[in-house]
Amino acid sequence: MRYFIQSLDETPFRLKQSLQTKQVLQYFLQEGEKTIPELCHFAHVSIPTATKIVLDLVKQGILSETGKRESSGGRRPSVYALNAHTGYIVGVELLLKSFRMSIVNLNHALVYEYETDAFDLAKRDESFNFLVKTVPAIIKKRGIDASKILGVGIGITGRVDRRAGISYSFLHYEKPLVELLVQHWQFPIFIDNDTHLMTLGEQSFGLAQLKPHAIYVNLSRGLGVGLISNGLIHSGNRGLQAN
């Protein structure tokens, strides 16, 4: 989320504050509703530190108090959660003959989904122009403020170097694909192999949660395999392992 990046400066204290806040946000994003004591256990921070971070996020409208947790004695702890419509995440999947796009809020609820088979990834310039125009057009049509788009993740079939932002098999230009897209869009962008992103999704929110080892098989027009070993997704050389 952008606010803590914008407030980050070079002092160690501010850096520590920012990293703690980012960790807290990541926790709420993955776990949903939680209390401050539960947050302390996860983030390994003190009650005063966790309370300050949470109240700051509440003040900014990013978190809200959703109720009270049942307690066997003493005061019932407050439960906090991300405000669902504080931000949105856009997912795009580019397959050989289809284009898919989804928008989810911070509670992982699907806000909108779009799919079309009138798409040919092999036609480089045509499919690039379709991608560039369609994503912001759908965001605007849904009445979502572009400033609330926290990021656009694009899964592409074939060989992808996510660190360099380059797609080798399709939409390959002299400049990295991400570099070209940021000239058209104002939100953060990252790309990766579609199977790798599906594996990441299962590890973060699906059947592979808390599993040290798992194999994800993506069978469509081709075969893609994602490997989780010792809790880490193996990406291979330059992130090309999943092909």
# chains A, B, ... in the order shown; residues from 1 in each chain; ligands from 1
>>> residues_around(residues="region 40-42 of chain A", least_positions_apart="4", cutoff="12 Å", atoms="only C-alpha atoms", output="NGL selection string")
:A and (20 or 23-28 or 30-31 or 34-36 or 46-54)
>>> write_last_selection(atoms="N, CA and C atoms", output="short mmCIF file (atom, residue, chain, number, x, y, z; two decimals), in the first residue's frame")
data_model
loop_
_atom_site.label_atom_id
_atom_site.label_comp_id
_atom_site.auth_asym_id
_atom_site.auth_seq_id
_atom_site.Cartn_x
_atom_site.Cartn_y
_atom_site.Cartn_z
N GLN A 20 7.25 -2.54 10.11
CA GLN A 20 6.28 -3.12 11.04
C GLN A 20 4.86 -2.90 10.53
N GLN A 23 4.17 -5.23 7.70
CA GLN A 23 3.95 -6.57 8.21
C GLN A 23 2.54 -6.73 8.78
N VAL A 24 2.08 -5.72 9.47
CA VAL A 24 0.73 -5.74 10.03
C VAL A 24 -0.31 -5.80 8.91
N LEU A 25 -0.13 -4.99 7.89
CA LEU A 25 -1.08 -4.98 6.77
C LEU A 25 -1.10 -6.33 6.07
N GLN A 26 0.08 -6.92 5.87
CA GLN A 26 0.15 -8.22 5.23
C GLN A 26 -0.58 -9.27 6.06
N TYR A 27 -0.46 -9.17 7.38
CA TYR A 27 -1.13 -10.11 8.27
C TYR A 27 -2.65 -10.01 8.14
N PHE A 28 -3.17 -8.80 8.18
CA PHE A 28 -4.62 -8.62 8.04
C PHE A 28 -5.09 -9.06 6.66
N GLN A 30 -3.92 -11.44 4.82
CA GLN A 30 -3.94 -12.89 4.71
C GLN A 30 -4.89 -13.55 5.71
N GLU A 31 -4.99 -12.98 6.90
CA GLU A 31 -5.70 -13.66 7.98
C GLU A 31 -7.11 -13.14 8.24
N LYS A 34 -8.69 -9.88 13.17
CA LYS A 34 -7.79 -10.28 14.26
C LYS A 34 -7.82 -9.24 15.38
N THR A 35 -7.40 -9.69 16.57
CA THR A 35 -7.29 -8.79 17.72
C THR A 35 -5.84 -8.31 17.85
N ILE A 36 -5.64 -7.29 18.67
CA ILE A 36 -4.28 -6.78 18.87
C ILE A 36 -3.38 -7.83 19.53
N SER A 46 5.34 -5.42 20.71
CA SER A 46 4.70 -5.21 22.00
C SER A 46 3.27 -4.74 21.83
N ILE A 47 2.49 -4.86 22.89
CA ILE A 47 1.11 -4.38 22.88
C ILE A 47 1.05 -2.88 22.54
N PRO A 48 1.88 -2.02 23.17
CA PRO A 48 1.82 -0.59 22.82
C PRO A 48 2.14 -0.32 21.35
N THR A 49 3.14 -1.03 20.80
CA THR A 49 3.50 -0.83 19.39
C THR A 49 2.36 -1.27 18.47
N ALA A 50 1.81 -2.45 18.74
CA ALA A 50 0.71 -2.95 17.91
C ALA A 50 -0.50 -2.04 18.01
N THR A 51 -0.79 -1.57 19.21
CA THR A 51 -1.94 -0.68 19.40
C THR A 51 -1.76 0.61 18.62
N LYS A 52 -0.57 1.19 18.66
CA LYS A 52 -0.31 2.43 17.93
C LYS A 52 -0.48 2.22 16.43
N ILE A 53 0.08 1.14 15.90
CA ILE A 53 -0.02 0.87 14.47
C ILE A 53 -1.48 0.70 14.06
N VAL A 54 -2.22 -0.09 14.84
CA VAL A 54 -3.63 -0.35 14.51
C VAL A 54 -4.45 0.93 14.57
#
>>> residues_around(residues="region 119-133 of chain A", least_positions_apart="6", cutoff="8 Å", atoms="only C-alpha atoms", output="PyMOL selection string")
chain A and resi 94-99+170-172+181+184-185
>>> closest_residue(among="A:Asp145, A:Glu202, A:Glu174, A:Asp161", to="Ser235 (chain A)", atoms="only C-alpha atoms")
A:Asp161
>>> closest_residue(among="A:Asp192, A:Lys141, A:Gly151, A:Gly61", to="Ser169 (chain A)", atoms="only C-alpha atoms")
A:Asp192
>>> residues_around(residues="Gly206 (chain A)", least_positions_apart="6", cutoff="12 Å", atoms="only C-alpha atoms", output="short mmCIF file (atom, residue, chain, number, x, y, z; two decimals) with C-alpha atoms, in the first residue's frame")
data_model
loop_
_atom_site.label_atom_id
_atom_site.label_comp_id
_atom_site.auth_asym_id
_atom_site.auth_seq_id
_atom_site.Cartn_x
_atom_site.Cartn_y
_atom_site.Cartn_z
CA GLN A 30 -3.94 -12.89 4.71
CA HIS A 108 -10.68 -11.26 -1.06
CA MET A 198 -1.46 -19.92 -9.33
CA THR A 199 0.99 -21.74 -7.07
CA LEU A 200 1.50 -18.56 -5.06
CA ALA A 214 3.29 -29.10 -2.52
CA TYR A 216 0.63 -27.47 -8.36
#
>>> residues_around(residues="Gly158 (chain A)", least_positions_apart="2", cutoff="7 Å", atoms="only C-alpha atoms", output="list in words")
Ile156, Val160, Ser169, Asn193 and Asn243 of chain A
>>> closest_residue(among="A:His85, A:His196, A:Arg100, A:Gly222", to="Ala118 (chain A)", atoms="only C-alpha atoms")
A:Arg100
>>> closest_residue(among="A:Arg162, A:Arg142, A:His234, A:His213", to="Ser102 (chain A)", atoms="only C-alpha atoms")
A:Arg142
>>> select_by_dssp(residues="region 6-222 of chain A", states="alpha helix (DSSP H)", output="ChimeraX atom specification")
/A:6,12-31,36-43,47-59,124-141,177-181,194-205
>>> atom_distance(atom1="CA of Leu232 (chain A)", atom2="CA of Pro212 (chain A)")
7.7 Å
>>> atom_distance(atom1="CA of Lys68 (chain A)", atom2="CA of Asn83 (chain A)")
16.5 Å
>>> closest_residue(among="A:His44, A:Ile191, A:Glu179, A:Asn218", to="Ser167 (chain A)", atoms="only C-alpha atoms")
A:Ile191
>>> atom_distance(atom1="CA of Ala81 (chain A)", atom2="CA of Leu57 (chain A)")
10.2 Å
>>> select_by_dssp(residues="region 14-241 of chain A", states="strand (DSSP E or B)", output="PyMOL selection string")
chain A and resi 34-35+63-68+78-82+88-94+99-105+110-116+149-156+160-161+166-167+189-193+214-219+223-229+232-234
>>> write_last_selection(atoms="C-alpha atoms", output="compact mmCIF listing (two decimals), in the first residue's frame")
# COMPACT_ATOMS: atom_id res chain seq x y z
CA LYS A 34 -7.79 -10.28 14.26
CA THR A 35 -7.29 -8.79 17.72
CA LEU A 63 -8.66 -0.69 9.32
CA SER A 64 -11.93 -0.65 11.22
CA GLU A 65 -13.18 -2.19 14.46
CA THR A 66 -15.66 -4.91 13.58
CA GLY A 67 -16.70 -6.14 17.02
CA LYS A 68 -15.53 -7.82 20.20
CA SER A 78 -11.63 -5.56 19.99
CA VAL A 79 -11.53 -7.22 16.59
CA TYR A 80 -10.10 -5.30 13.63
CA ALA A 81 -10.17 -5.92 9.89
CA LEU A 82 -9.19 -4.20 6.68
CA TYR A 88 -8.44 -3.29 -4.87
CA ILE A 89 -6.18 -5.78 -6.57
CA VAL A 90 -6.47 -6.60 -10.26
CA GLY A 91 -5.51 -9.98 -11.65
CA VAL A 92 -5.05 -10.60 -15.37
CA GLU A 93 -4.42 -13.94 -17.06
CA LEU A 94 -3.16 -13.99 -20.62
CA PHE A 99 -8.07 -12.99 -21.75
CA ARG A 100 -9.28 -13.05 -18.15
CA MET A 101 -9.45 -10.22 -15.64
CA SER A 102 -10.72 -10.09 -12.08
CA ILE A 103 -10.93 -7.39 -9.43
CA VAL A 104 -10.96 -8.30 -5.73
CA ASN A 105 -11.24 -6.13 -2.64
CA LEU A 110 -14.62 -10.87 -6.09
CA VAL A 111 -15.86 -7.47 -7.25
CA TYR A 112 -15.86 -8.09 -10.98
CA GLU A 113 -14.79 -10.76 -13.44
CA TYR A 114 -14.35 -10.52 -17.19
CA GLU A 115 -13.35 -13.10 -19.79
CA THR A 116 -13.21 -13.17 -23.55
CA ILE A 149 -5.77 0.06 -7.32
CA LEU A 150 -2.96 -1.33 -5.19
CA GLY A 151 -1.50 -3.34 -8.01
CA VAL A 152 -2.08 -5.27 -11.23
CA GLY A 153 -0.67 -8.78 -11.41
CA ILE A 154 -0.43 -10.31 -14.86
CA GLY A 155 0.02 -14.03 -15.36
CA ILE A 156 1.31 -14.94 -18.81
CA VAL A 160 8.59 -14.97 -17.94
CA ASP A 161 11.38 -13.25 -16.02
CA ILE A 166 10.15 -9.47 -19.35
CA SER A 167 7.91 -11.96 -21.14
CA ILE A 189 2.44 -3.69 -12.14
CA PHE A 190 4.14 -7.05 -11.92
CA ILE A 191 4.18 -10.00 -14.29
CA ASP A 192 4.95 -13.67 -13.82
CA ASN A 193 4.33 -17.05 -15.34
CA ALA A 214 3.29 -29.10 -2.52
CA ILE A 215 3.05 -29.51 -6.28
CA TYR A 216 0.63 -27.47 -8.36
CA VAL A 217 -0.26 -28.78 -11.83
CA ASN A 218 -1.78 -26.43 -14.40
CA LEU A 219 -3.21 -28.36 -17.33
CA LEU A 223 1.39 -28.35 -18.92
CA GLY A 224 2.78 -26.14 -16.16
CA VAL A 225 4.05 -27.27 -12.78
CA GLY A 226 4.68 -25.19 -9.66
CA LEU A 227 6.80 -26.62 -6.84
CA ILE A 228 6.72 -25.65 -3.16
CA SER A 229 9.58 -27.10 -1.12
CA LEU A 232 9.34 -21.78 -0.65
CA ILE A 233 8.18 -21.64 -4.27
CA HIS A 234 11.00 -22.75 -6.53
>>> closest_residue(among="A:Pro176, A:Tyr168, A:Phe187, A:Asp117", to="Ile139 (chain A)", atoms="only C-alpha atoms")
A:Phe187
